[in-house]
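Reading through the structure tokens given below for one structure.
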Amino acid sequence: MATCRAATSCRVCWWFEQTLIVGVGATLIGLTGGLILGTLAGALGGWVDSAVMRLVDVMLSLPSLLLAFSIAAMFARPSQFTVILAVAIVQIPVFARLLRGSMLAQRHSDHVLAATALGVKKGAIVFRHMLPNSLSPVIVQSTLVLATAIIEAAALSFLGLGNPDDRIPEWGQMLGDVQNVFDTHPHLAAYPAICIIIVALGFTLMGETLREALDPKNRR
Amino acid sequence: MSETLVSVQDMKVHFPIKRGVLLDRTVGYVYAVDGVDLEIKRGETYGLVGESGCGKSTLGRAMLRLNEPTAGKMVFDGQDFSALKGEELRKMRRRIQMVFQDPLSSLDPRQSVESILIEGLRAHDLDKSKEETGKRLRELLSAVGLPTTALRKYPHEFSGGQRQRIGIARALALNPDLIVADEPVSALDVSVQAQVVNLLEELQEQFGLTYLVIAHDLAVVKHISDRVGVMYLGGLVEEATAADLYAEPLHPYTRALLSAIPVPDPVVEDRRERILLAGDLPSPANPPSGCRFHTRCPWRQATRCDTERPVLREFKPGHKVACHYAEQIRSGEIQPHEVKPILVEEEGISPDIPLVGPASVTEALNP
Amino acid sequence: MALLEVRDLTVVFQRKGEEPFYAVDGVSFDVEPGQTVGLVGESGCGKSVTSLAIMGLLPKRGAKVTGTVSYDGTDLLKLSDREMRDRRGRDLGMVFQDPLSSLNPVIPIGLQVTEVLERHRGLARKEAMIEAKNLLDKVGIPDPNRRLKEYPHQLSGGMRQRALIAIALACRPKLLIADEPTTALDVTIQAQILTVMKELVQDLGTALVMITHDLGVVAGLCDEVNVLYGGKVVEKAMRHKLFAEPRHPYTHGLLASIPRLDAAPGEKLTPIKGSVADNIPWTQGCAFAPRCPNALDICFTETPAEEEQLGRLLRCHNPVVPGTPAAEEVPV
């Protein structure tokens, strides 16, 4: 019994590292994809905007977990990378829509018009004025997405679509292992749960601090 | 002095009204600017007045090509500005600058004053050497009455009046010929407005600028302008020198507008006769036939007013008016009468709202 | 006794770890029935906070209100929330600057008017509907029967403001407080609304407190004018007296800085230098001193007291002598 507990706590710590890799990796890839799509739609507008947004609509209309399952199942040999990729793709439309919305608002703003009137090149306007001023909601969102990404990664590995290597444990896998002893030792499920709460909270607070640091009103 | 710098010919800006969830369908147009001709001479200040929704700001933006005009052209210093494309247009923008209404939103909150002022210089390769640029920036700041310490600060650290000075300095940086000022003082406190008005006048003298001042406040426009154009529902209804317009307004709308502006003097206020207009501005998506003003005009006649759109014609040298009956109204032959207000349907269509459809199905379903 | 007596009204905003901020600092004025009193000043002078304090609409936490606001003999500041709620709408009406956000967007105009009538005047639905129609008619809304069924977004700005005035008048309040009622409107619509308000004061004997930054509006409408600066009344007089002979350098400066429609061509404006950010605290001296062309050394060290002379209240160490032209502009 004692060894079992020690093993669990050890695995919880190890899991932390794995989860970080999956969560951060998936969020970063999702963020990058979202930034590219959102910037394209928000900066170019017109038919590009329509095309990108319809694509996003299609992705959003599929249940996110189901989409992740299908993507993960497409790979013959599941690995940690496939989990990251599956979770990341699901996050792309969330970022793309958010960024597009705030880019559109920026496009009609006076300071962007002022830059246009100055004769500043279009690319410079997008990357120097529109994008930096649209990022703060996206950054806050990314910290929330981190938590979701962790949970989705867990769900994938719970269903056996995660890393098949048994020596590298993940939260979902651990929950799966704990399943049969849940009646007698419910606390074994509590450890990973507490960890995820702490991690999610930590990232949310980090996002808040990041947003404040990025706000020019707090400068100097 | 009498050389024409800007000539706007039959400028039209129509915004499509789009409806539909998946595929946008154009269901109508907002006739924001509907056929405007005007000329601005080098070195003068042309004032454009009118109430909200009359299209004055849209006209200003269309002239700068921040909105693409639907029809018509603008000739700037002998060149057809509206036909320019790409790099040519971008280079030409140096000569036409803009000052915005809201000094805070027109400055990027993430840029320091220095980078705001340098941006334009850089875009036109005027940022040659560090010393020269530094000298230029100090010149600009002293021209608009700001200390050099302002360079490293951010827009939110200034008061409204100071921010407007930064906006003016940014416009000046490129040595433009024409500055379009859209409501340059209306967002400022009363005691600060005069500072900015005086600054604009001083800069004009110093740099030989030409201004197009767009404002709803006829008192400000009258003070600052040499010539004034009055807009109503997308068209010019009267154009005259500032003194002439005030001394002898010819168009019924100008008369009503002048009589509605409160004067800070109780003696004048008690004596004045007000021409109260009935009802509201009709929707620019569905403008009245004939004379746009006939639905609210106290001098409206049974014929012509509702069928034939009056053209802006020369009434006397330097004074133009778009009214069929200007002579009779002036001589008192036609007397004002009571007007029953006509219902104006607001359909949520206004040129102030950006006319973009929903971005996606989900956005349409839960806004 | 006056209908409304405001004495020494002070509103202090105090946030944790910050200096207390005196938004309104000892403001006193009276309003008689049928009289229009103006509170004029620029943004941050405390005029709107004064109106909110009178209506009891300031948040209980964070804002400390002292002084007395006696309405018909009762001190409104001492009433409980519930008693105050009964008074608002029935005795005191209020019209705000932004008519769209002051109306409930999902309820038809008619229902918003009848709601007040049913609640405060105890009318039945049918009677309330008829009365609502009369009210809309009175404030000059065309085709009131149809308008009653419409939602706020279907009305134009001017019509919304009229509807708001109709709601404020629904219970025939003896006092109406209008906070920048025409600022969001066009001048021709402003002229319509001001005419409606003027007629209401004349016909119903309503007392009106008019809060505005526009000296032109005040000149045509108000009987008595209070000029506020930095939370204090700096000058108070009947309108003819005030406009003919402004004595406080701030009032004087404001009048000299506004372009007038009837001014001779080429007339120069004389702005007031600086901005409200330059103010010094009243406890130290005169808040306006750093911007004042008449400032003496004493203005920076001693708070000027309120003095009454010949029907004019003045708070200044060195008032403008009548007949002097505006001071020459000092470079900023």
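Residues in the structure tokens are numbered from 1 in each chain, the chains being A, B, ... in the order shown, and ligands are numbered from 1 in the order shown.
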
When DSSP is applied to the backbone of this structure, which of chain A are assigned alpha helix (DSSP H)? Write them out as a ChimeraX atom specification. /A:2-44,46-61,64-74,80-107,110-118,122-124,131-158,171-178,187-214

Counting only C-alpha atoms, chain C residues within 6 Å of chain B, as a list of chain:residue names: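 Using only C-alpha atoms, chain C residues at most 6 Å from chain B: C:Gln154, C:Asp186, C:Val187, C:Thr188, C:Ala191, C:Leu215, C:Gly216, C:Val217, C:Ala219, C:Gly220, C:His240, C:Leu254, C:Ser257, C:Pro259, C:Arg260, C:Leu261, C:Pro271, C:Ile272.
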
Quick one: distance from CA of Pro142 in chain C to CA of Leu169 in chain C in Å, one decimal? 17.6 Å

Using 7 Å as the limit and counting only C-alpha atoms, can you tabulate each residue of chain B that touches chain A, with its shortest atom-to-atom distance in Å and the two atoms involved, as a tab-separated table?
```
residue	atom	partner	partner_atom	distance
B:Leu66	CA	A:Leu113	CA	6.8
B:Arg90	CA	A:Gly119	CA	4.8
B:Lys91	CA	A:Gly119	CA	6.5
B:Arg93	CA	A:Gly119	CA	5.3
B:Arg94	CA	A:Leu118	CA	6.1
B:Gln97	CA	A:Ala117	CA	6.2
B:Met98	CA	A:Ala117	CA	6.8
B:Ser105	CA	A:Asp110	CA	5.7
B:Ser106	CA	A:His111	CA	3.9
B:Leu107	CA	A:His111	CA	5.1
B:Asp108	CA	A:His111	CA	5.6
B:Pro109	CA	A:Pro216	CA	6.4
B:Arg110	CA	A:Pro216	CA	5.5
B:Gly120	CA	A:Leu118	CA	5.4
B:Ala123	CA	A:Val120	CA	5.1
B:His156	CA	A:Lys217	CA	6.5
B:Ala359	CA	A:Met53	CA	6.5
B:Ser360	CA	A:Met53	CA	6.0
B:Val361	CA	A:Asp57	CA	6.7
```

Residues of the last selection are to be written out with N, CA and C atoms, as a CSV table (one decimal), in the first residue's frame.
```csv
chain,number,residue,atom,x,y,z
B,66,LEU,N,-9.5,57.1,-47.6
B,66,LEU,CA,-9.6,56.2,-46.5
B,66,LEU,C,-10.8,55.4,-46.7
B,90,ARG,N,0.4,55.9,-52.2
B,90,ARG,CA,1.1,55.9,-50.9
B,90,ARG,C,2.0,57.1,-50.8
B,91,LYS,N,2.8,57.4,-51.9
B,91,LYS,CA,3.7,58.5,-51.9
B,91,LYS,C,3.0,59.8,-51.9
B,93,ARG,N,0.2,60.4,-50.5
B,93,ARG,CA,-0.5,60.6,-49.2
B,93,ARG,C,0.3,61.6,-48.3
B,94,ARG,N,1.6,61.7,-48.6
B,94,ARG,CA,2.4,62.6,-47.8
B,94,ARG,C,1.9,64.0,-47.8
B,97,GLN,N,-2.7,65.3,-45.3
B,97,GLN,CA,-2.7,64.7,-43.9
B,97,GLN,C,-4.0,64.9,-43.2
B,98,MET,N,-4.2,64.2,-42.1
B,98,MET,CA,-5.5,64.3,-41.4
B,98,MET,C,-5.3,64.5,-39.9
B,105,SER,N,-8.0,58.0,-29.4
B,105,SER,CA,-8.1,56.8,-30.2
B,105,SER,C,-7.3,56.9,-31.5
B,106,SER,N,-6.9,58.1,-31.9
B,106,SER,CA,-6.2,58.2,-33.2
B,106,SER,C,-4.7,58.1,-33.0
B,107,LEU,N,-4.3,57.9,-31.7
B,107,LEU,CA,-2.9,57.7,-31.4
B,107,LEU,C,-2.7,56.2,-30.9
B,108,ASP,N,-1.8,55.5,-31.5
B,108,ASP,CA,-1.6,54.1,-31.1
B,108,ASP,C,-1.1,54.1,-29.6
B,109,PRO,N,-1.9,53.5,-28.7
B,109,PRO,CA,-1.4,53.5,-27.3
B,109,PRO,C,-0.1,52.9,-27.0
B,110,ARG,N,0.4,52.0,-28.0
B,110,ARG,CA,1.7,51.4,-27.7
B,110,ARG,C,2.9,52.1,-28.3
B,120,GLY,N,5.8,58.5,-39.9
B,120,GLY,CA,5.5,59.1,-41.2
B,120,GLY,C,6.8,59.4,-42.0
B,123,ALA,N,8.2,56.2,-43.4
B,123,ALA,CA,7.4,55.7,-44.5
B,123,ALA,C,7.7,56.4,-45.8
B,156,HIS,N,-1.3,58.2,-23.3
B,156,HIS,CA,-2.2,58.3,-22.1
B,156,HIS,C,-1.6,59.2,-21.0
B,359,ALA,N,-19.4,37.4,-38.9
B,359,ALA,CA,-18.2,36.8,-39.4
B,359,ALA,C,-18.4,35.3,-39.6
B,360,SER,N,-19.4,34.7,-38.9
B,360,SER,CA,-19.6,33.3,-39.1
B,360,SER,C,-21.0,32.9,-38.6
B,361,VAL,N,-21.3,31.7,-38.8
B,361,VAL,CA,-22.6,31.3,-38.4
B,361,VAL,C,-22.8,31.4,-36.9
```

Contacts of Thr251 in chain C at 12 Å (only C-alpha atoms; same-chain gap of 3+ positions) as a ChimeraX atom specification: /B:190-191,264 /C:40-42,213,215,225-229,233-237,242-248,254-258,271-272,288,292,314-316,319-320,326

Just to confirm, what's the straight-line distance from CA of Trp299 in chain B to CA of Ile329 in chain B in Å (one decimal)? 7.5 Å

Show me, as an mmCIF file with N, CA and C atoms, in the first residue's frame, the residues that have an atom within 8 Å of Leu99 in chain A when counting only C-alpha atoms, minus same-chain residues fewer than 5 positions from it.
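The result, stored in out.cif:
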```cif
data_model
loop_
_atom_site.group_PDB
_atom_site.id
_atom_site.type_symbol
_atom_site.label_atom_id
_atom_site.label_comp_id
_atom_site.auth_asym_id
_atom_site.auth_seq_id
_atom_site.Cartn_x
_atom_site.Cartn_y
_atom_site.Cartn_z
ATOM 1 N N GLY A 34 -3.687 29.802 -35.151
ATOM 2 C CA GLY A 34 -4.752 30.797 -34.987
ATOM 3 C C GLY A 34 -4.288 32.184 -35.393
ATOM 4 N N LEU A 35 -3.042 32.507 -35.034
ATOM 5 C CA LEU A 35 -2.505 33.828 -35.376
ATOM 6 C C LEU A 35 -2.433 34.001 -36.892
ATOM 7 N N GLY A 38 -6.102 34.089 -38.236
ATOM 8 C CA GLY A 38 -6.785 35.306 -37.763
ATOM 9 C C GLY A 38 -6.218 36.554 -38.422
ATOM 10 N N THR A 39 -4.897 36.600 -38.558
ATOM 11 C CA THR A 39 -4.279 37.769 -39.181
ATOM 12 C C THR A 39 -4.673 37.862 -40.648
ATOM 13 N N GLY A 42 -8.370 38.957 -40.654
ATOM 14 C CA GLY A 42 -8.597 40.299 -40.122
ATOM 15 C C GLY A 42 -7.909 41.369 -40.941
ATOM 16 N N SER A 134 -4.194 43.906 -30.968
ATOM 17 C CA SER A 134 -5.254 42.895 -30.925
ATOM 18 C C SER A 134 -4.870 41.704 -30.067
ATOM 19 N N LEU A 135 -3.607 41.666 -29.633
ATOM 20 C CA LEU A 135 -3.117 40.439 -29.018
ATOM 21 C C LEU A 135 -3.604 40.176 -27.603
ATOM 22 N N PRO A 137 -6.414 40.065 -25.779
ATOM 23 C CA PRO A 137 -7.415 39.026 -25.485
ATOM 24 C C PRO A 137 -6.935 37.632 -25.877
ATOM 25 N N VAL A 138 -6.116 37.552 -26.923
ATOM 26 C CA VAL A 138 -5.626 36.249 -27.378
ATOM 27 C C VAL A 138 -4.691 35.649 -26.337
#
```

Spatial neighbours of range 2-9 of chain B, 10 Å, only C-alpha atoms, chain gap at least 3 places, as number ranges by chain: B: 12, 35-44, 59, 63, 71-82, 177-178, 210, 212

Which of these residues is nearest to Gly231 in chain C, using only C-alpha atoms: C:Thr114, C:Gln35, C:Ser156, C:Ser48?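 So, comparing all the options, the nearest one is C:Ser48.
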
For Lys198 in chain C, list every protein, DNA or RNA residue within 10 Å, evaluated using only C-alpha atoms, and leave out those in the same chain fewer than 5 positions away; present the list as a list in words.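 Selected residues are Thr36, Ile193, Asp203, Thr206, Leu208, Gly220, Leu221 and Cys222 of chain C.
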
Give me a file of those residues, with N, CA and C atoms, as a compact mmCIF listing (two decimals), in the first residue's frame.
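Output below, filename result25.txt:
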```txt
# COMPACT_ATOMS: atom_id res chain seq x y z
N THR C 36 -35.31 77.83 -13.15
CA THR C 36 -34.29 76.99 -13.75
C THR C 36 -32.93 77.42 -13.26
N ILE C 193 -35.49 70.24 -28.24
CA ILE C 193 -35.58 69.73 -26.87
C ILE C 193 -35.59 70.88 -25.86
N ASP C 203 -45.32 75.87 -18.21
CA ASP C 203 -46.68 75.37 -18.10
C ASP C 203 -46.94 74.63 -16.80
N THR C 206 -42.60 73.29 -13.07
CA THR C 206 -41.55 72.39 -12.60
C THR C 206 -40.27 73.18 -12.35
N LEU C 208 -36.30 73.27 -12.44
CA LEU C 208 -35.37 72.54 -13.30
C LEU C 208 -33.93 72.83 -12.88
N GLY C 220 -29.64 80.91 -22.63
CA GLY C 220 -31.01 81.02 -23.08
C GLY C 220 -32.02 80.42 -22.13
N LEU C 221 -31.59 79.58 -21.19
CA LEU C 221 -32.54 78.77 -20.44
C LEU C 221 -32.59 79.06 -18.94
N CYS C 222 -31.43 79.29 -18.34
CA CYS C 222 -31.38 79.30 -16.87
C CYS C 222 -31.66 80.69 -16.29
```

I want to know what sits within 10 Å of Glu131 in chain C, based on only C-alpha atoms, with residues of the same chain fewer than 6 positions away left out; could you give that as a short mmCIF file (atom, residue, chain, number, x, y, z; two decimals) with N, CA, C and O atoms, in the first residue's frame?
```cif
data_model
loop_
_atom_site.label_atom_id
_atom_site.label_comp_id
_atom_site.auth_asym_id
_atom_site.auth_seq_id
_atom_site.Cartn_x
_atom_site.Cartn_y
_atom_site.Cartn_z
N VAL C 113 -43.15 53.93 -19.96
CA VAL C 113 -43.85 55.11 -19.42
C VAL C 113 -44.96 54.65 -18.48
O VAL C 113 -45.10 55.15 -17.36
N THR C 114 -45.76 53.67 -18.91
CA THR C 114 -46.90 53.25 -18.09
C THR C 114 -46.44 52.60 -16.79
O THR C 114 -47.10 52.72 -15.77
N LEU C 117 -46.19 55.24 -14.36
CA LEU C 117 -47.51 55.75 -14.01
C LEU C 117 -48.25 54.80 -13.07
O LEU C 117 -48.90 55.22 -12.12
N LEU C 123 -52.24 54.30 -11.44
CA LEU C 123 -53.22 54.25 -12.51
C LEU C 123 -53.40 52.81 -13.00
O LEU C 123 -52.49 52.00 -12.91
N ARG C 125 -53.92 50.03 -16.07
CA ARG C 125 -53.22 49.91 -17.32
C ARG C 125 -53.83 50.80 -18.42
O ARG C 125 -53.14 51.50 -19.14
N ASP C 137 -47.23 63.13 -26.54
CA ASP C 137 -47.73 64.24 -27.32
C ASP C 137 -47.17 65.56 -26.80
O ASP C 137 -46.74 66.43 -27.56
N ALA C 170 -43.61 61.81 -16.08
CA ALA C 170 -44.81 61.00 -15.95
C ALA C 170 -45.54 61.25 -14.64
O ALA C 170 -46.77 61.25 -14.57
#
```

Strand (DSSP E or B) positions in range 60-151 of chain B, given as a list of chain:residue names: B:Ala71, B:Gly72, B:Lys73, B:Met74, B:Val75, B:Phe76, B:Gln79, B:Asp80, B:Ile96, B:Gln97, B:Met98, B:Val99

How many Å lie between CA of Ala171 in chain B and CA of Thr45 in chain B, rounded to one decimal? 16.1 Å
